[in-house]
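One structure below.
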Amino acid sequence: MAGQAMIDQSRFLEVIGAETELIAQVAHTASADAPVPTCPGWTLGEVLRHVGSVYRVTHRWIVDGRRPEHWQRKPGPRQTLEEYFREGRDELVAELSAHDPDELAPTWWPADRSYGFWRRRMAHEATIHRIDAESAAGRDVSEIPEDVALDGIDEALVLWFGQRLPLLGLSGTKTGSVGVRTAGHTWIARAGPTETIAWRCSAEEAQRADDLITGQPDKIYRWLWGRAGPTAVTVSGDQDMAGQLWALLRLATR
């Protein structure tokens, strides 16, 4: 249910609004053809198109009760990229706001079939791609609030690493564990040929992992999503398991 999240569900609607406004503001002042350093091969225009498309497919998924095969994937003939982006955002936010986060909704995570799943997922979708937009415009990346970053770390590990990888049939080549510790919170991510799983844990359990990742919440969040370099976090151990974690997350989130 929606209780999987680490912060109040109303917070996610605030995050979607704030982060998408930042994306739109950046796009309004920078070239749509600007390359995205954090997402090689993409342009700023592609970031807007992608998020606008994701918000539309999500809206249709919820309303129709199943993942749609067809939706508007790009601006219409008389529609600007920014209009397309904002329209997709507004339709989805209206749908999410009209329902209690614990209300049942179709999702791709068996552990959470609720509107709250989509509030959380779409908030982090906007946050990560806001980083891409600012990077493309050559701006300093705006700070990610600590509560959002902590919840984003949890989502990246428990949902994308622990759930998405098994759905894709992907696993690690070496068996081992990685502890993640930041701002009083700890997790374990364990991978190998037969399992890929992550969970919240005690500080003692994280300390016993093969590798331990520490750092500021926003830096770890960005690192897990490939939006920060290897020196953004501190890795204790031989780094093999941390490297495998990072590589597997690239496959889960591509």
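Simple scheme: letters A, B, ... for chains in structure tokens order, numbers from 1 for residues in each chain, numbers from 1 for ligands in the order shown.
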So which residues touch Met6 of chain A within 12 Å, counting only C-alpha atoms, skipping near sequence neighbours fewer than 6 positions away, as a tab-separated table (two decimals) with all heavy atoms, in the first residue's frame?
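Heads up, here's the output in selection-v2.tsv:
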```
chain	number	residue	atom	x	y	z
A	12	PHE	N	4.36	14.24	-2.07
A	12	PHE	CA	4.71	13.88	-3.44
A	12	PHE	C	4.02	14.79	-4.46
A	12	PHE	O	4.61	15.13	-5.49
A	12	PHE	CB	4.36	12.42	-3.71
A	12	PHE	CG	5.20	11.45	-2.94
A	12	PHE	CD1	4.62	10.48	-2.14
A	12	PHE	CD2	6.58	11.49	-3.02
A	12	PHE	CE1	5.40	9.58	-1.43
A	12	PHE	CE2	7.37	10.60	-2.30
A	12	PHE	CZ	6.77	9.64	-1.50
A	116	GLY	N	-0.98	5.82	-4.29
A	116	GLY	CA	0.22	6.30	-3.64
A	116	GLY	C	1.49	5.87	-4.35
A	116	GLY	O	2.49	6.60	-4.36
A	117	PHE	N	1.46	4.67	-4.93
A	117	PHE	CA	2.61	4.21	-5.72
A	117	PHE	C	2.92	5.21	-6.82
A	117	PHE	O	4.08	5.59	-7.03
A	117	PHE	CB	2.33	2.84	-6.32
A	117	PHE	CG	3.34	2.41	-7.35
A	117	PHE	CD1	4.48	1.74	-6.97
A	117	PHE	CD2	3.15	2.69	-8.71
A	117	PHE	CE1	5.44	1.35	-7.92
A	117	PHE	CE2	4.09	2.31	-9.66
A	117	PHE	CZ	5.23	1.63	-9.26
A	120	ARG	N	4.31	8.65	-5.66
A	120	ARG	CA	5.73	8.54	-5.34
A	120	ARG	C	6.59	8.40	-6.60
A	120	ARG	O	7.57	9.12	-6.77
A	120	ARG	CB	5.93	7.33	-4.43
A	120	ARG	CG	7.35	7.16	-3.92
A	120	ARG	CD	7.54	5.80	-3.27
A	120	ARG	NE	8.65	5.80	-2.32
A	120	ARG	CZ	9.21	4.70	-1.84
A	120	ARG	NH1	8.73	3.51	-2.19
A	120	ARG	NH2	10.22	4.77	-0.99
A	146	GLU	N	16.18	16.92	1.86
A	146	GLU	CA	16.65	15.67	2.46
A	146	GLU	C	15.56	14.61	2.53
A	146	GLU	O	15.83	13.43	2.25
A	146	GLU	CB	17.18	15.94	3.87
A	146	GLU	CG	17.77	14.69	4.53
A	146	GLU	CD	18.43	14.97	5.86
A	146	GLU	OE1	19.52	15.59	5.85
A	146	GLU	OE2	17.87	14.56	6.88
A	147	ASP	N	14.32	14.98	2.87
A	147	ASP	CA	13.27	13.97	2.97
A	147	ASP	C	12.97	13.33	1.62
A	147	ASP	O	12.73	12.12	1.53
A	147	ASP	CB	12.00	14.55	3.60
A	147	ASP	CG	11.38	15.68	2.76
A	147	ASP	OD1	12.10	16.32	1.96
A	147	ASP	OD2	10.17	15.92	2.92
A	148	VAL	N	13.01	14.14	0.56
A	148	VAL	CA	12.78	13.61	-0.79
A	148	VAL	C	13.93	12.69	-1.20
A	148	VAL	O	13.73	11.61	-1.77
A	148	VAL	CB	12.62	14.76	-1.80
A	148	VAL	CG1	12.47	14.21	-3.22
A	148	VAL	CG2	11.41	15.61	-1.43
A	149	ALA	N	15.17	13.11	-0.91
A	149	ALA	CA	16.33	12.30	-1.27
A	149	ALA	C	16.32	10.96	-0.54
A	149	ALA	O	16.61	9.91	-1.14
A	149	ALA	CB	17.61	13.06	-0.96
A	150	LEU	N	15.97	10.97	0.75
A	150	LEU	CA	15.93	9.71	1.50
A	150	LEU	C	14.88	8.77	0.94
A	150	LEU	O	15.12	7.57	0.77
A	150	LEU	CB	15.65	10.00	2.98
A	150	LEU	CG	16.81	10.61	3.77
A	150	LEU	CD1	16.33	11.08	5.14
A	150	LEU	CD2	17.95	9.61	3.93
A	151	ASP	N	13.70	9.30	0.63
A	151	ASP	CA	12.67	8.46	0.05
A	151	ASP	C	13.11	7.96	-1.34
A	151	ASP	O	12.81	6.83	-1.72
A	151	ASP	CB	11.35	9.21	-0.07
A	151	ASP	CG	10.23	8.31	-0.55
A	151	ASP	OD1	9.71	7.52	0.27
A	151	ASP	OD2	9.89	8.36	-1.75
A	152	GLY	N	13.82	8.82	-2.08
A	152	GLY	CA	14.31	8.41	-3.39
A	152	GLY	C	15.35	7.31	-3.32
A	152	GLY	O	15.40	6.43	-4.19
A	153	ILE	N	16.19	7.34	-2.30
A	153	ILE	CA	17.14	6.25	-2.09
A	153	ILE	C	16.39	4.94	-1.83
A	153	ILE	O	16.70	3.90	-2.41
A	153	ILE	CB	18.08	6.57	-0.90
A	153	ILE	CG1	19.00	7.75	-1.23
A	153	ILE	CG2	18.89	5.33	-0.50
A	153	ILE	CD1	19.75	8.30	-0.04
A	154	ASP	N	15.38	5.03	-0.98
A	154	ASP	CA	14.59	3.84	-0.66
A	154	ASP	C	13.90	3.30	-1.92
A	154	ASP	O	13.90	2.09	-2.16
A	154	ASP	CB	13.53	4.20	0.39
A	154	ASP	CG	12.77	2.99	0.89
A	154	ASP	OD1	13.33	2.24	1.71
A	154	ASP	OD2	11.62	2.79	0.46
A	155	GLU	N	13.34	4.19	-2.74
A	155	GLU	CA	12.67	3.75	-3.96
A	155	GLU	C	13.65	3.12	-4.94
A	155	GLU	O	13.37	2.09	-5.54
A	155	GLU	CB	11.94	4.91	-4.63
A	155	GLU	CG	10.88	4.44	-5.60
A	155	GLU	CD	10.76	5.27	-6.86
A	155	GLU	OE1	11.79	5.80	-7.33
A	155	GLU	OE2	9.65	5.37	-7.38
A	158	VAL	N	14.75	-0.44	-3.08
A	158	VAL	CA	13.71	-1.43	-2.84
A	158	VAL	C	12.88	-1.71	-4.10
A	158	VAL	O	12.56	-2.86	-4.40
A	158	VAL	CB	12.80	-0.98	-1.68
A	158	VAL	CG1	11.67	-1.99	-1.45
A	158	VAL	CG2	13.62	-0.81	-0.40
A	185	HIS	N	19.65	6.65	8.40
A	185	HIS	CA	18.90	5.58	7.75
A	185	HIS	C	19.86	4.62	7.07
A	185	HIS	O	20.91	5.03	6.55
A	185	HIS	CB	17.93	6.16	6.72
A	185	HIS	CG	16.86	7.03	7.31
A	185	HIS	ND1	15.65	6.55	7.75
A	185	HIS	CD2	16.84	8.37	7.55
A	185	HIS	CE1	14.93	7.54	8.23
A	185	HIS	NE2	15.62	8.66	8.11
A	200	ARG	N	15.24	-2.08	4.10
A	200	ARG	CA	15.70	-1.21	5.18
A	200	ARG	C	16.22	-2.09	6.31
A	200	ARG	O	15.66	-3.15	6.58
A	200	ARG	CB	14.56	-0.33	5.68
A	200	ARG	CG	13.94	0.55	4.61
A	200	ARG	CD	12.68	1.25	5.11
A	200	ARG	NE	11.90	1.79	3.98
A	200	ARG	CZ	10.68	2.29	4.10
A	200	ARG	NH1	10.10	2.32	5.29
A	200	ARG	NH2	10.05	2.75	3.04
```
Closest pair table for segment 94-173 of chain A residues within 10 Å of segment 39-46 of chain A, only C-alpha atoms, as a tab-separated table:
```
residue	atom	partner	partner_atom	distance
A:His129	CA	A:Cys39	CA	9.3
A:Ile131	CA	A:Cys39	CA	10.0
A:Asp132	CA	A:Cys39	CA	6.9
A:Ala133	CA	A:Leu44	CA	5.8
A:Glu134	CA	A:Leu44	CA	8.9
A:Ser135	CA	A:Leu44	CA	9.0
A:Ala136	CA	A:Leu44	CA	6.0
A:Ala137	CA	A:Leu44	CA	7.8
```
Generate a file of the selected residues that holds all heavy atoms, formatted as a short mmCIF file (atom, residue, chain, number, x, y, z; two decimals), in the first residue's frame.
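This is the output file result-v4.cif:
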```
data_model
loop_
_atom_site.label_atom_id
_atom_site.label_comp_id
_atom_site.auth_asym_id
_atom_site.auth_seq_id
_atom_site.Cartn_x
_atom_site.Cartn_y
_atom_site.Cartn_z
N HIS A 129 14.66 13.95 -13.61
CA HIS A 129 14.77 14.61 -14.90
C HIS A 129 14.92 16.13 -14.78
O HIS A 129 15.39 16.77 -15.72
CB HIS A 129 13.60 14.23 -15.80
CG HIS A 129 13.68 12.79 -16.25
ND1 HIS A 129 14.78 12.29 -16.90
CD2 HIS A 129 12.80 11.76 -16.11
CE1 HIS A 129 14.59 11.01 -17.16
NE2 HIS A 129 13.40 10.66 -16.69
N ILE A 131 17.09 17.26 -12.70
CA ILE A 131 18.55 17.28 -12.68
C ILE A 131 19.09 17.27 -14.10
O ILE A 131 20.02 18.01 -14.43
CB ILE A 131 19.08 16.06 -11.89
CG1 ILE A 131 18.68 16.16 -10.42
CG2 ILE A 131 20.60 15.94 -12.03
CD1 ILE A 131 18.98 14.90 -9.62
N ASP A 132 18.50 16.46 -14.96
CA ASP A 132 18.93 16.40 -16.36
C ASP A 132 18.73 17.75 -17.05
O ASP A 132 19.60 18.19 -17.81
CB ASP A 132 18.13 15.32 -17.10
CG ASP A 132 18.42 13.92 -16.61
OD1 ASP A 132 19.53 13.69 -16.09
OD2 ASP A 132 17.54 13.06 -16.76
N ALA A 133 17.58 18.37 -16.81
CA ALA A 133 17.28 19.65 -17.45
C ALA A 133 18.27 20.73 -17.02
O ALA A 133 18.81 21.47 -17.86
CB ALA A 133 15.85 20.08 -17.12
N GLU A 134 18.53 20.81 -15.73
CA GLU A 134 19.48 21.82 -15.25
C GLU A 134 20.88 21.54 -15.78
O GLU A 134 21.62 22.47 -16.12
CB GLU A 134 19.48 21.84 -13.72
CG GLU A 134 18.20 22.39 -13.13
CD GLU A 134 18.19 22.39 -11.62
OE1 GLU A 134 18.74 21.43 -11.02
OE2 GLU A 134 17.62 23.32 -11.02
N SER A 135 21.24 20.27 -15.86
CA SER A 135 22.54 19.90 -16.39
C SER A 135 22.67 20.32 -17.85
O SER A 135 23.72 20.85 -18.27
CB SER A 135 22.74 18.38 -16.25
OG SER A 135 23.94 17.97 -16.85
N ALA A 136 21.62 20.11 -18.63
CA ALA A 136 21.65 20.49 -20.04
C ALA A 136 21.77 22.00 -20.22
O ALA A 136 22.42 22.47 -21.15
CB ALA A 136 20.37 20.00 -20.74
N ALA A 137 21.17 22.76 -19.31
CA ALA A 137 21.21 24.22 -19.39
C ALA A 137 22.50 24.80 -18.81
O ALA A 137 22.69 26.02 -18.85
CB ALA A 137 20.00 24.81 -18.67
#
```
Legend entry - Counting only C-alpha atoms, the option among A:Asp8, A:Asp210, A:Asp112, A:Glu21 closest to Asp90 of chain A: A:Glu21
Legend entry - Residue contacts of Val15 of chain A (10 Å, only C-alpha atoms) excluding same-chain residues fewer than 5 positions away, as an MDAnalysis selection string: chainID A and resid 10 20:21 119:120 122:124 126:127 145 148
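For segment 229-245 of chain A, the set of protein, DNA and RNA residues having any atom at most 6 Å away, when counting only C-alpha atoms and skipping those fewer than 2 positions along the same chain, is Asp211, Leu212, Ile213, Thr214, Gly215, Lys219, Ala247 and Leu248 of chain A.
In this model, the gap between atom CA of Phe85 of chain A and atom CA of Ile128 of chain A comes to 15.6 Å.
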Inset, instruction - Tell me which protein, DNA and RNA residues are within 8 Å of Leu92 of chain A, counting only C-alpha atoms, leaving out same-chain ones fewer than 2 positions away, and put them as a list of chain:residue names. - result: A:Tyr55, A:Arg56, A:Thr58, A:His59, A:Gly88, A:Arg89, A:Asp90, A:Ala94, A:Glu95, A:Leu96
Legend entry - Spatial neighbours of segment 168-177 of chain A, max dist 6 Å, only C-alpha atoms, sep filter under 6 positions, as JSON, numbers by chain: {"A": [189, 190, 191, 192, 193, 209, 210]}
Expected file: the selected residues, C-alpha atoms, as a short mmCIF file (atom, residue, chain, number, x, y, z; two decimals), in the first residue's frame:
```
data_model
loop_
_atom_site.label_atom_id
_atom_site.label_comp_id
_atom_site.auth_asym_id
_atom_site.auth_seq_id
_atom_site.Cartn_x
_atom_site.Cartn_y
_atom_site.Cartn_z
CA ALA A 189 21.08 -4.40 -1.25
CA ARG A 190 22.00 -8.02 -1.91
CA ALA A 191 22.59 -9.51 -5.35
CA GLY A 192 23.85 -12.67 -6.96
CA PRO A 193 22.94 -15.19 -9.65
CA ALA A 209 27.88 -5.77 4.33
CA ASP A 210 30.71 -6.47 1.88
#
```
Legend entry - alpha helix (DSSP H) per DSSP on the backbone: members of segment 95-172 of chain A, as a PyMOL selection string: chain A and resi 95-97+115-136+146-154+165-168
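The environment of Ser114 of chain A within 6 Å, counting only C-alpha atoms and disregarding residues fewer than 4 places along the same chain, consists of Met1, Asp102, Glu103, Leu104 and Ala105 of chain A.
Atom CA of Ala98 of chain A to atom CA of Val57 of chain A spans 17.8 Å [interatomic distance, one decimal].
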